[in-house]
file final_26.csv (CSV, C-alpha atoms and all ligand atoms)
chain,number,residue,atom,x,y,z
A,1,MET,CA,-36.6,-40.5,-41.9
A,2,PRO,CA,-35.9,-44.2,-41.5
A,3,THR,CA,-32.5,-45.4,-40.2
A,4,GLY,CA,-30.9,-48.7,-41.1
A,5,GLN,CA,-31.7,-50.8,-44.1
A,6,PRO,CA,-35.0,-50.6,-45.9
A,7,ILE,CA,-37.7,-53.2,-44.9
A,8,PRO,CA,-38.3,-55.9,-47.6
A,9,VAL,CA,-42.0,-55.6,-48.4
A,10,ILE,CA,-44.3,-57.5,-50.7
A,11,ILE,CA,-47.8,-56.1,-51.4
A,12,ASP,CA,-50.7,-58.4,-52.3
A,13,CYS,CA,-53.4,-56.2,-53.7
A,14,ASP,CA,-56.7,-55.8,-55.7
A,15,THR,CA,-55.8,-52.4,-57.3
A,16,GLY,CA,-58.2,-50.6,-56.6
A,17,VAL,CA,-58.1,-46.8,-56.0
A,18,ASP,CA,-56.6,-47.0,-52.5
A,19,ASP,CA,-54.4,-50.0,-53.4
A,20,ALA,CA,-52.9,-47.7,-56.0
A,21,LEU,CA,-52.3,-45.1,-53.3
A,22,ALA,CA,-50.5,-47.8,-51.3
A,23,LEU,CA,-48.3,-48.7,-54.2
A,24,LEU,CA,-47.4,-45.1,-54.9
A,25,PHE,CA,-46.3,-44.8,-51.3
A,26,ALA,CA,-44.4,-48.0,-51.1
A,27,VAL,CA,-42.4,-47.2,-54.3
A,28,ARG,CA,-41.5,-43.8,-53.0
A,29,HIS,CA,-40.7,-44.5,-49.3
A,30,PRO,CA,-36.9,-44.9,-48.8
A,31,GLY,CA,-37.5,-47.2,-45.8
A,32,ILE,CA,-39.2,-49.8,-48.1
A,33,ASP,CA,-37.6,-52.2,-50.5
A,34,LEU,CA,-40.7,-53.3,-52.6
A,35,ARG,CA,-39.7,-56.7,-53.8
A,36,ALA,CA,-42.9,-57.8,-55.6
A,37,VAL,CA,-46.6,-57.1,-56.0
A,38,THR,CA,-49.1,-59.9,-56.4
A,39,CYS,CA,-52.7,-59.5,-57.6
A,40,VAL,CA,-56.0,-61.1,-56.6
A,41,ALA,CA,-59.6,-60.6,-57.6
A,42,GLY,CA,-61.4,-58.2,-55.3
A,43,ASN,CA,-62.2,-54.6,-56.2
A,44,THR,CA,-62.3,-55.8,-59.9
A,45,ASP,CA,-61.5,-59.0,-61.8
A,46,VAL,CA,-58.0,-60.2,-61.5
A,47,ASP,CA,-57.0,-59.3,-65.0
A,48,GLY,CA,-58.2,-55.7,-64.3
A,49,VAL,CA,-56.2,-55.8,-61.1
A,50,VAL,CA,-53.0,-56.9,-62.9
A,51,ARG,CA,-53.5,-54.1,-65.6
A,52,ASN,CA,-54.1,-51.4,-63.0
A,53,THR,CA,-51.1,-52.6,-60.9
A,54,LEU,CA,-48.7,-52.5,-63.8
A,55,THR,CA,-50.0,-49.1,-64.9
A,56,VAL,CA,-49.5,-47.6,-61.4
A,57,LEU,CA,-46.0,-49.0,-61.1
A,58,GLU,CA,-45.1,-47.6,-64.5
A,59,ILE,CA,-46.4,-44.2,-63.6
A,60,ALA,CA,-44.5,-44.4,-60.3
A,61,GLY,CA,-41.3,-45.2,-62.2
A,62,ALA,CA,-41.1,-48.8,-60.7
A,63,ALA,CA,-41.6,-50.9,-63.9
A,64,ASP,CA,-38.9,-53.3,-62.6
A,65,VAL,CA,-40.9,-54.5,-59.6
A,66,PRO,CA,-42.2,-58.1,-60.4
A,67,VAL,CA,-46.0,-58.4,-60.6
A,68,ALA,CA,-47.9,-61.7,-60.8
A,69,ARG,CA,-51.5,-62.7,-61.4
A,70,GLY,CA,-53.1,-64.6,-58.6
A,71,ALA,CA,-56.5,-66.1,-57.8
A,72,ALA,CA,-59.5,-65.1,-60.0
A,73,ARG,CA,-62.0,-65.9,-57.3
A,74,PRO,CA,-62.2,-66.7,-53.6
A,75,LEU,CA,-61.7,-70.2,-52.2
A,76,ILE,CA,-65.4,-71.1,-52.0
A,77,GLU,CA,-67.6,-68.3,-53.2
A,78,PRO,CA,-67.8,-66.5,-56.6
A,79,ALA,CA,-65.9,-63.2,-57.0
A,80,ARG,CA,-68.0,-60.1,-56.1
A,81,SER,CA,-66.4,-56.9,-57.3
A,82,ALA,CA,-66.6,-53.4,-55.8
A,83,GLN,CA,-66.7,-51.5,-59.1
A,84,HIS,CA,-69.5,-49.3,-57.8
A,85,VAL,CA,-66.8,-47.9,-55.4
A,86,HIS,CA,-63.7,-48.1,-57.6
A,87,GLY,CA,-65.2,-47.4,-61.0
A,88,ALA,CA,-65.7,-49.6,-64.1
A,89,ASP,CA,-62.0,-50.1,-64.6
A,90,GLY,CA,-61.5,-50.7,-60.8
A,91,MET,CA,-59.3,-47.6,-60.5
A,92,GLY,CA,-61.5,-44.5,-60.7
A,93,ASP,CA,-62.1,-44.5,-64.5
A,94,LEU,CA,-59.3,-41.9,-64.9
A,95,GLY,CA,-58.5,-42.9,-68.4
A,96,LEU,CA,-55.0,-44.1,-67.5
A,97,PRO,CA,-52.9,-45.7,-70.3
A,98,ALA,CA,-52.6,-49.5,-70.6
A,99,PRO,CA,-49.4,-50.9,-69.3
A,100,THR,CA,-46.5,-51.5,-71.6
A,101,ARG,CA,-45.2,-54.7,-69.9
A,102,ARG,CA,-46.8,-58.0,-69.0
A,103,PRO,CA,-46.9,-59.7,-65.6
A,104,ALA,CA,-44.4,-62.3,-64.6
A,105,ASP,CA,-44.8,-65.7,-66.3
A,106,VAL,CA,-45.4,-67.3,-62.9
A,107,ASP,CA,-48.5,-67.2,-60.8
A,108,ALA,CA,-48.8,-65.1,-57.6
A,109,VAL,CA,-48.2,-68.0,-55.2
A,110,THR,CA,-45.1,-69.0,-57.0
A,111,LEU,CA,-43.8,-65.5,-57.1
A,112,LEU,CA,-44.6,-64.9,-53.4
A,113,ARG,CA,-42.8,-68.1,-52.4
A,114,ARG,CA,-39.8,-67.3,-54.5
A,115,GLU,CA,-39.4,-63.7,-53.4
A,116,ILE,CA,-40.0,-64.5,-49.7
A,117,LEU,CA,-37.5,-67.2,-49.6
A,118,ALA,CA,-34.9,-65.3,-51.7
A,119,SER,CA,-35.1,-62.2,-49.5
A,120,PRO,CA,-31.8,-61.7,-47.6
A,121,ARG,CA,-33.9,-60.4,-44.6
A,122,PRO,CA,-37.4,-61.5,-43.4
A,123,VAL,CA,-40.2,-60.0,-45.5
A,124,THR,CA,-43.1,-57.9,-44.3
A,125,LEU,CA,-46.2,-59.0,-46.2
A,126,VAL,CA,-48.8,-56.4,-46.8
A,127,PRO,CA,-52.1,-57.8,-48.1
A,128,THR,CA,-54.5,-55.0,-49.0
A,129,ALA,CA,-57.1,-57.3,-50.6
A,130,PRO,CA,-59.1,-60.5,-50.1
A,131,LEU,CA,-56.7,-63.0,-48.7
A,132,THR,CA,-57.1,-65.8,-51.3
A,133,ASN,CA,-53.5,-65.7,-52.6
A,134,ILE,CA,-52.1,-65.6,-49.0
A,135,ALA,CA,-54.2,-68.6,-47.9
A,136,LEU,CA,-53.1,-70.6,-51.0
A,137,LEU,CA,-49.5,-69.6,-50.3
A,138,LEU,CA,-49.6,-70.6,-46.6
A,139,ARG,CA,-51.2,-74.0,-47.4
A,140,THR,CA,-49.0,-74.8,-50.5
A,141,HIS,CA,-45.7,-73.6,-49.2
A,142,PRO,CA,-45.9,-73.4,-45.3
A,143,GLU,CA,-42.1,-73.1,-45.2
A,144,VAL,CA,-42.4,-69.4,-46.3
A,145,THR,CA,-43.3,-68.4,-42.7
A,146,ARG,CA,-39.6,-68.9,-41.7
A,147,ASN,CA,-38.7,-65.7,-43.7
A,148,ILE,CA,-41.8,-63.6,-42.9
A,149,GLU,CA,-41.2,-60.9,-40.3
A,150,ARG,CA,-44.9,-59.9,-40.0
A,151,ILE,CA,-48.1,-59.7,-42.0
A,152,VAL,CA,-49.7,-56.3,-41.8
A,153,PHE,CA,-53.1,-56.7,-43.5
A,154,MET,CA,-55.8,-54.3,-44.4
A,155,GLY,CA,-59.0,-56.0,-43.5
A,156,GLY,CA,-61.6,-56.7,-40.8
A,157,ALA,CA,-63.2,-54.3,-38.4
A,158,VAL,CA,-63.6,-54.2,-34.6
A,159,ALA,CA,-66.8,-52.2,-34.8
A,160,THR,CA,-68.7,-51.6,-38.0
A,161,GLY,CA,-68.3,-53.3,-41.4
A,162,ASN,CA,-68.8,-52.0,-44.9
A,163,ALA,CA,-69.7,-55.0,-47.1
A,164,THR,CA,-72.2,-55.9,-44.4
A,165,PRO,CA,-73.1,-54.3,-41.1
A,166,VAL,CA,-70.3,-56.2,-39.4
A,167,ALA,CA,-68.0,-57.5,-42.2
A,168,GLU,CA,-65.3,-55.6,-44.0
A,169,PHE,CA,-64.9,-56.2,-47.7
A,170,ASN,CA,-61.6,-58.0,-47.9
A,171,VAL,CA,-62.5,-60.5,-45.2
A,172,TRP,CA,-66.1,-60.8,-46.4
A,173,HIS,CA,-64.9,-61.5,-50.0
A,174,ASP,CA,-63.0,-64.6,-48.8
A,175,PRO,CA,-63.7,-65.4,-45.1
A,176,GLU,CA,-62.1,-68.9,-45.3
A,177,ALA,CA,-58.9,-67.4,-46.6
A,178,ALA,CA,-58.8,-64.8,-43.9
A,179,ALA,CA,-59.2,-67.5,-41.3
A,180,VAL,CA,-56.2,-69.3,-42.8
A,181,LEU,CA,-54.2,-66.0,-42.6
A,182,LEU,CA,-55.0,-65.5,-38.9
A,183,THR,CA,-53.5,-68.9,-38.0
A,184,ALA,CA,-50.3,-68.4,-40.1
A,185,GLY,CA,-48.2,-68.6,-37.0
A,186,VAL,CA,-46.3,-65.3,-37.7
A,187,PRO,CA,-46.9,-61.9,-36.0
A,188,ILE,CA,-50.0,-60.2,-37.6
A,189,THR,CA,-51.2,-56.7,-37.5
A,190,MET,CA,-54.8,-56.1,-38.4
A,191,TYR,CA,-55.2,-52.6,-40.0
A,192,GLY,CA,-59.0,-52.7,-40.1
A,193,LEU,CA,-61.8,-50.3,-41.0
A,194,ASP,CA,-61.7,-48.7,-37.5
A,195,VAL,CA,-58.5,-46.9,-38.5
A,196,PHE,CA,-58.6,-47.3,-42.3
A,197,GLU,CA,-61.5,-44.8,-42.7
A,198,ARG,CA,-60.0,-42.1,-40.5
A,199,VAL,CA,-56.9,-41.1,-42.5
A,200,VAL,CA,-58.1,-38.4,-44.8
A,201,VAL,CA,-56.0,-35.9,-46.8
A,202,PRO,CA,-57.5,-32.4,-46.7
A,203,GLY,CA,-58.8,-31.0,-50.0
A,204,GLU,CA,-56.2,-28.3,-50.2
A,205,GLN,CA,-53.4,-30.9,-50.1
A,206,VAL,CA,-55.2,-33.0,-52.7
A,207,ARG,CA,-55.5,-30.0,-55.0
A,208,ARG,CA,-51.7,-29.4,-54.6
A,209,LEU,CA,-51.0,-33.1,-55.5
A,210,ARG,CA,-53.3,-32.8,-58.5
A,211,GLY,CA,-51.3,-29.8,-59.8
A,212,SER,CA,-47.9,-31.4,-59.3
A,213,ALA,CA,-45.6,-31.8,-62.3
A,214,GLU,CA,-44.5,-35.2,-61.0
A,215,PRO,CA,-46.7,-38.0,-62.5
A,216,GLY,CA,-46.9,-40.2,-59.4
A,217,ALA,CA,-48.0,-37.3,-57.2
A,218,ARG,CA,-50.5,-36.2,-59.8
A,219,LEU,CA,-52.0,-39.7,-59.9
A,220,ALA,CA,-52.2,-39.7,-56.1
A,221,GLY,CA,-54.2,-36.4,-56.3
A,222,ALA,CA,-56.5,-37.8,-58.9
A,223,LEU,CA,-57.1,-41.0,-56.9
A,224,LEU,CA,-57.7,-39.2,-53.7
A,225,SER,CA,-60.3,-37.0,-55.5
A,226,HIS,CA,-62.2,-40.1,-56.7
A,227,ARG,CA,-65.7,-40.4,-55.5
A,228,PRO,CA,-67.8,-43.5,-55.8
A,229,ALA,CA,-70.6,-43.1,-58.4
A,230,GLY,CA,-74.0,-42.8,-56.9
A,231,PRO,CA,-76.9,-44.5,-58.5
A,232,GLY,CA,-77.3,-43.2,-62.1
A,233,THR,CA,-74.1,-41.1,-62.1
A,234,VAL,CA,-70.6,-41.6,-63.4
A,235,ALA,CA,-67.8,-41.3,-60.9
A,236,SER,CA,-65.7,-38.9,-63.0
A,237,ALA,CA,-68.6,-36.5,-63.5
A,238,ASP,CA,-69.4,-36.1,-59.8
A,239,PRO,CA,-69.3,-32.3,-59.1
A,240,ALA,CA,-68.5,-33.1,-55.4
A,241,ARG,CA,-65.1,-34.2,-56.6
A,242,ASP,CA,-64.0,-30.7,-57.4
A,243,ALA,CA,-65.9,-28.9,-54.6
A,244,ASP,CA,-64.1,-30.9,-51.9
A,245,PRO,CA,-61.4,-33.3,-53.2
A,246,ALA,CA,-60.4,-34.4,-49.7
A,247,GLY,CA,-59.9,-38.2,-49.8
A,248,GLY,CA,-58.8,-41.1,-47.6
A,249,ILE,CA,-55.5,-42.9,-48.2
A,250,GLY,CA,-57.3,-46.2,-47.3
A,251,ASP,CA,-55.0,-49.2,-47.9
A,252,ALA,CA,-51.9,-46.9,-48.0
A,253,GLY,CA,-52.4,-46.6,-44.2
A,254,ALA,CA,-51.4,-50.2,-43.8
A,255,VAL,CA,-48.1,-49.5,-45.6
A,256,CYS,CA,-47.6,-46.4,-43.4
A,257,ALA,CA,-48.0,-48.7,-40.4
A,258,VAL,CA,-45.1,-50.8,-41.7
A,259,VAL,CA,-42.6,-47.8,-41.8
A,260,ASP,CA,-44.1,-46.0,-38.8
A,261,PRO,CA,-45.7,-48.6,-36.5
A,262,ALA,CA,-45.8,-45.9,-33.7
A,263,GLY,CA,-48.5,-44.1,-35.7
A,264,ILE,CA,-51.1,-46.7,-34.7
A,265,THR,CA,-52.1,-48.0,-31.3
A,266,THR,CA,-52.5,-51.7,-31.2
A,267,ARG,CA,-53.6,-54.3,-28.7
A,268,LEU,CA,-52.8,-58.0,-28.9
A,269,LEU,CA,-56.3,-59.6,-28.9
A,270,PRO,CA,-58.0,-62.8,-29.9
A,271,VAL,CA,-59.5,-62.5,-33.4
A,272,GLU,CA,-61.7,-65.1,-35.1
A,273,VAL,CA,-63.5,-64.9,-38.5
A,274,SER,CA,-67.1,-65.8,-38.5
A,275,LEU,CA,-67.5,-68.5,-41.2
A,276,ALA,CA,-71.1,-69.6,-40.7
A,277,PRO,CA,-73.6,-68.6,-43.4
A,278,GLY,CA,-75.9,-65.7,-42.3
A,279,PRO,CA,-75.6,-62.1,-41.3
A,280,ALA,CA,-72.3,-62.4,-39.4
A,281,ARG,CA,-70.4,-64.2,-42.2
A,282,GLY,CA,-67.0,-62.5,-42.7
A,283,GLN,CA,-67.1,-60.6,-39.4
A,284,THR,CA,-63.8,-60.4,-37.5
A,285,VAL,CA,-64.9,-61.1,-34.0
A,286,VAL,CA,-62.4,-59.3,-31.8
A,287,ASP,CA,-62.4,-60.2,-28.1
A,288,ARG,CA,-61.9,-57.0,-26.1
A,289,ARG,CA,-63.3,-58.4,-22.8
A,290,ALA,CA,-61.3,-57.9,-19.7
A,291,ARG,CA,-62.1,-61.3,-18.3
A,292,PRO,CA,-63.6,-64.7,-19.4
A,293,GLY,CA,-67.3,-64.9,-19.8
A,294,GLU,CA,-69.9,-67.6,-19.2
A,295,ALA,CA,-69.0,-69.3,-22.5
A,296,GLU,CA,-65.5,-69.9,-21.3
A,297,ILE,CA,-66.6,-70.8,-17.7
A,298,HIS,CA,-69.0,-73.4,-18.9
A,299,GLU,CA,-67.4,-74.6,-22.1
A,300,GLY,CA,-63.7,-73.9,-21.6
A,301,THR,CA,-61.5,-71.6,-23.6
A,302,ARG,CA,-61.1,-72.2,-27.4
A,303,GLU,CA,-57.9,-71.7,-29.1
A,304,GLN,CA,-57.9,-68.4,-31.0
A,305,ALA,CA,-55.3,-66.4,-33.0
A,306,LEU,CA,-53.8,-63.5,-31.2
A,307,VAL,CA,-53.4,-60.5,-33.5
A,308,ASP,CA,-52.1,-56.9,-33.0
A,309,VAL,CA,-55.3,-55.1,-33.7
A,310,ALA,CA,-55.1,-51.4,-34.6
A,311,LEU,CA,-57.5,-49.6,-32.4
A,312,ASP,CA,-56.4,-46.0,-33.0
A,313,VAL,CA,-54.3,-44.0,-35.5
A,314,ASP,CA,-52.5,-40.7,-35.4
A,315,VAL,CA,-54.3,-39.2,-38.4
A,316,ASP,CA,-52.2,-36.1,-38.8
A,317,ARG,CA,-49.0,-38.2,-38.5
A,318,PHE,CA,-50.1,-40.6,-41.3
A,319,VAL,CA,-51.4,-37.7,-43.5
A,320,ARG,CA,-48.0,-36.0,-43.1
A,321,LEU,CA,-46.1,-39.2,-43.7
A,322,TYR,CA,-48.1,-39.9,-46.9
A,323,LEU,CA,-47.7,-36.4,-48.3
A,324,ASP,CA,-44.0,-36.1,-47.4
A,325,THR,CA,-43.4,-39.4,-49.2
A,326,VAL,CA,-45.6,-39.1,-52.3
A,327,ALA,CA,-45.5,-35.3,-52.9
A,328,GLY,CA,-41.8,-34.9,-52.0
B,401,LIG,C1,-61.0,-52.6,-48.6
B,401,LIG,O1,-61.8,-53.0,-49.7
B,401,LIG,C2,-61.4,-52.4,-50.9
B,401,LIG,O2,-62.5,-51.8,-51.5
B,401,LIG,C3,-60.4,-51.4,-50.6
B,401,LIG,O3,-59.4,-51.4,-51.6
B,401,LIG,C4,-59.8,-51.9,-49.2
B,401,LIG,O4,-58.8,-52.8,-49.4
B,401,LIG,C5,-61.8,-51.7,-47.6
B,401,LIG,O5,-62.9,-52.5,-47.1
B,402,CA,CA,-57.7,-53.1,-51.5
call {"tool": "encode", "arguments": {"input": "final_26.csv", "output": "structure tokens", "more": "lines below"}}
Ligand code: BDR
Ligand code: CA
result
Amino acid sequence: MPTGQPIPVIIDCDTGVDDALALLFAVRHPGIDLRAVTCVAGNTDVDGVVRNTLTVLEIAGAADVPVARGAARPLIEPARSAQHVHGADGMGDLGLPAPTRRPADVDAVTLLRREILASPRPVTLVPTAPLTNIALLLRTHPEVTRNIERIVFMGGAVATGNATPVAEFNVWHDPEAAAVLLTAGVPITMYGLDVFERVVVPGEQVRRLRGSAEPGARLAGALLSHRPAGPGTVASADPARDADPAGGIGDAGAVCAVVDPAGITTRLLPVEVSLAPGPARGQTVVDRRARPGEAEIHEGTREQALVDVALDVDVDRFVRLYLDTVAG
């Protein structure tokens, strides 16, 4: 249980099955003051992301949290969705109702600036999506950094990627934006694939959530049961879903790391995004060497962003934290 005042948090997301899990957690956790949610193209198109985000917040009983529409595409490349993972509607094709309210009448960058600067205490920014909105914010309104405590972003990978063998989806989708984020000049935690994929809620607990009378908990259970559609199948008709509904909390782990930073093991390491075209584009190159190598000896050291990189996660601790918050 947190002590002291709740942490002011803003989530920038591409809802998204696991972004929805993150929103459900953030709304429910007493240690979080969710001040705004901004939307960006990623898992699905930005209008779909806005719709999904508003619906989730309504189901979670948080219809008063401001939501704004952001970038419809990355800085340079076209948008490339992940609907084969997240379903045609970007959120598991669960047949959820359309939202009853509309997003804010300002764009995401404007809302981010307004809410960050208006917060009585420094904000923790949690991007769980491609970093386009955040890069635009940092370039348009650099003064926001004076009221940002930390950026905890889901993205990148130390070891293996998912969008490509080495690149994680959020960074791969907009590598230039991720490079801007890394040089924001505020403390940054990278909650990458290395930890993201490990926090899985066992099937029995997912079944319990699905049977809950509480709509937010029930939605969490349905989302955790979601399985990406294989070729020629529809996600919701996948029999594996009922046989073993165990599911990863994904992006929600980054929000868990905000309220319980001791649940992850981090190291402050140089991180650089590979921007060159080719097989390494979008890779987060994390330097874990103990000493300089020949490149530094012959060419000198280059300036690189230092990031708290999550290398390990206490899986049971985060599963318990998630369930205690969302099912409780
Ligand atoms: C990330 O990509 C998206 O599909 C998920 O929502 C998560 O943010 C994982 O690579
Ligand atoms: Ca996401």
call {"tool": "closest_atom_pairs", "arguments": {"input": "final_26.csv", "of": "chain A", "to": "ligand CA 402 (chain B)", "cutoff": "9 Å", "atoms": "all atoms listed in the file", "output": "Markdown table"}}
result
| residue | atom | partner | partner_atom | distance |
| --- | --- | --- | --- | --- |
| A:Asp12 | CA | B:CA402 | CA | 8.8 |
| A:Cys13 | CA | B:CA402 | CA | 5.7 |
| A:Asp14 | CA | B:CA402 | CA | 5.1 |
| A:Thr15 | CA | B:CA402 | CA | 6.1 |
| A:Gly16 | CA | B:CA402 | CA | 5.7 |
| A:Val17 | CA | B:CA402 | CA | 7.8 |
| A:Asp18 | CA | B:CA402 | CA | 6.3 |
| A:Asp19 | CA | B:CA402 | CA | 4.9 |
| A:Ala20 | CA | B:CA402 | CA | 8.5 |
| A:Ala22 | CA | B:CA402 | CA | 8.9 |
| A:Gly42 | CA | B:CA402 | CA | 7.4 |
| A:Asn43 | CA | B:CA402 | CA | 6.7 |
| A:Pro127 | CA | B:CA402 | CA | 8.1 |
| A:Thr128 | CA | B:CA402 | CA | 4.5 |
| A:Ala129 | CA | B:CA402 | CA | 4.3 |
| A:Pro130 | CA | B:CA402 | CA | 7.7 |
| A:Met154 | CA | B:CA402 | CA | 7.4 |
| A:Gly155 | CA | B:CA402 | CA | 8.6 |
| A:Phe169 | CA | B:CA402 | CA | 8.7 |
| A:Asn170 | CA | B:CA402 | CA | 7.2 |
| A:Gly250 | CA | B:CA402 | CA | 8.1 |
| A:Asp251 | CA | B:CA402 | CA | 6.0 |
call {"tool": "residues_around", "arguments": {"input": "final_26.csv", "residues": "A:Asp64", "least_positions_apart": "2", "cutoff": "12 Å", "atoms": "only C-alpha atoms", "output": "list in words"}}
result
Val27, Leu34, Arg35, Ala36, Val37, Leu54, Leu57, Glu58, Ile59, Ala60, Gly61, Ala62, Pro66, Val67, Thr100, Arg101, Arg102, Pro103 and Ala104 of chain A
call {"tool": "atom_distance", "arguments": {"input": "final_26.csv", "atom1": "atom CA of A:Glu149", "atom2": "atom CA of A:Thr55"}}
result
28.7 Å
call {"tool": "residues_around", "arguments": {"input": "final_26.csv", "residues": "stretch 207-211 of chain A", "least_positions_apart": "2", "cutoff": "9 Å", "atoms": "only C-alpha atoms", "output": "PyMOL selection string"}}
result
chain A and resi 202-205+213-214+217-222+225+242+245-246+323+326-327
call {"tool": "residues_around", "arguments": {"input": "final_26.csv", "residues": "stretch 318-321 of chain A", "least_positions_apart": "6", "cutoff": "12 Å", "atoms": "all atoms listed in the file", "output": "ChimeraX atom specification"}}
result
/A:1-2,25-26,28-31,195-196,198-203,205-206,246-264,312,327-328
call {"tool": "write_last_selection", "arguments": {"input": "final_26.csv", "atoms": "C-alpha atoms", "output": "mmCIF file, in the coordinates of the input"}}
result
data_model
loop_
_atom_site.group_PDB
_atom_site.id
_atom_site.type_symbol
_atom_site.label_atom_id
_atom_site.label_comp_id
_atom_site.auth_asym_id
_atom_site.auth_seq_id
_atom_site.Cartn_x
_atom_site.Cartn_y
_atom_site.Cartn_z
ATOM 1 C CA MET A 1 -36.600 -40.500 -41.900
ATOM 2 C CA PRO A 2 -35.900 -44.200 -41.500
ATOM 3 C CA PHE A 25 -46.300 -44.800 -51.300
ATOM 4 C CA ALA A 26 -44.400 -48.000 -51.100
ATOM 5 C CA ARG A 28 -41.500 -43.800 -53.000
ATOM 6 C CA HIS A 29 -40.700 -44.500 -49.300
ATOM 7 C CA PRO A 30 -36.900 -44.900 -48.800
ATOM 8 C CA GLY A 31 -37.500 -47.200 -45.800
ATOM 9 C CA VAL A 195 -58.500 -46.900 -38.500
ATOM 10 C CA PHE A 196 -58.600 -47.300 -42.300
ATOM 11 C CA ARG A 198 -60.000 -42.100 -40.500
ATOM 12 C CA VAL A 199 -56.900 -41.100 -42.500
ATOM 13 C CA VAL A 200 -58.100 -38.400 -44.800
ATOM 14 C CA VAL A 201 -56.000 -35.900 -46.800
ATOM 15 C CA PRO A 202 -57.500 -32.400 -46.700
ATOM 16 C CA GLY A 203 -58.800 -31.000 -50.000
ATOM 17 C CA GLN A 205 -53.400 -30.900 -50.100
ATOM 18 C CA VAL A 206 -55.200 -33.000 -52.700
ATOM 19 C CA ALA A 246 -60.400 -34.400 -49.700
ATOM 20 C CA GLY A 247 -59.900 -38.200 -49.800
ATOM 21 C CA GLY A 248 -58.800 -41.100 -47.600
ATOM 22 C CA ILE A 249 -55.500 -42.900 -48.200
ATOM 23 C CA GLY A 250 -57.300 -46.200 -47.300
ATOM 24 C CA ASP A 251 -55.000 -49.200 -47.900
ATOM 25 C CA ALA A 252 -51.900 -46.900 -48.000
ATOM 26 C CA GLY A 253 -52.400 -46.600 -44.200
ATOM 27 C CA ALA A 254 -51.400 -50.200 -43.800
ATOM 28 C CA VAL A 255 -48.100 -49.500 -45.600
ATOM 29 C CA CYS A 256 -47.600 -46.400 -43.400
ATOM 30 C CA ALA A 257 -48.000 -48.700 -40.400
ATOM 31 C CA VAL A 258 -45.100 -50.800 -41.700
ATOM 32 C CA VAL A 259 -42.600 -47.800 -41.800
ATOM 33 C CA ASP A 260 -44.100 -46.000 -38.800
ATOM 34 C CA PRO A 261 -45.700 -48.600 -36.500
ATOM 35 C CA ALA A 262 -45.800 -45.900 -33.700
ATOM 36 C CA GLY A 263 -48.500 -44.100 -35.700
ATOM 37 C CA ILE A 264 -51.100 -46.700 -34.700
ATOM 38 C CA ASP A 312 -56.400 -46.000 -33.000
ATOM 39 C CA ALA A 327 -45.500 -35.300 -52.900
ATOM 40 C CA GLY A 328 -41.800 -34.900 -52.000
#
call {"tool": "closest_residue", "arguments": {"input": "final_26.csv", "among": "A:Val144, A:Ala63, A:Ala177, A:Leu23", "to": "ligand LIG 401 (chain B)", "atoms": "only C-alpha atoms and all ligand atoms"}}
result
A:Leu23
call {"tool": "atom_distance", "arguments": {"input": "final_26.csv", "atom1": "atom CA of A:Asp47", "atom2": "atom CA of A:Ala68"}}
result
10.3 Å
call {"tool": "closest_residue", "arguments": {"input": "final_26.csv", "among": "A:Leu21, A:Ala290, A:Pro8, A:Asp105", "to": "A:Tyr322", "atoms": "all atoms listed in the file"}}
result
A:Leu21
call {"tool": "atom_distance", "arguments": {"input": "final_26.csv", "atom1": "atom CA of A:Arg227", "atom2": "atom CA of A:Asp244"}}
result
10.3 Å
call {"tool": "closest_residue", "arguments": {"input": "final_26.csv", "among": "A:Thr44, A:Ser119, A:Thr189, A:Thr145", "to": "ligand LIG 401 (chain B)", "atoms": "all atoms listed in the file"}}
result
A:Thr44
call {"tool": "closest_residue", "arguments": {"input": "final_26.csv", "among": "A:Pro99, A:Gly282, A:Pro215, A:Gly185", "to": "ligand LIG 401 (chain B)", "atoms": "all atoms listed in the file"}}
result
A:Gly282
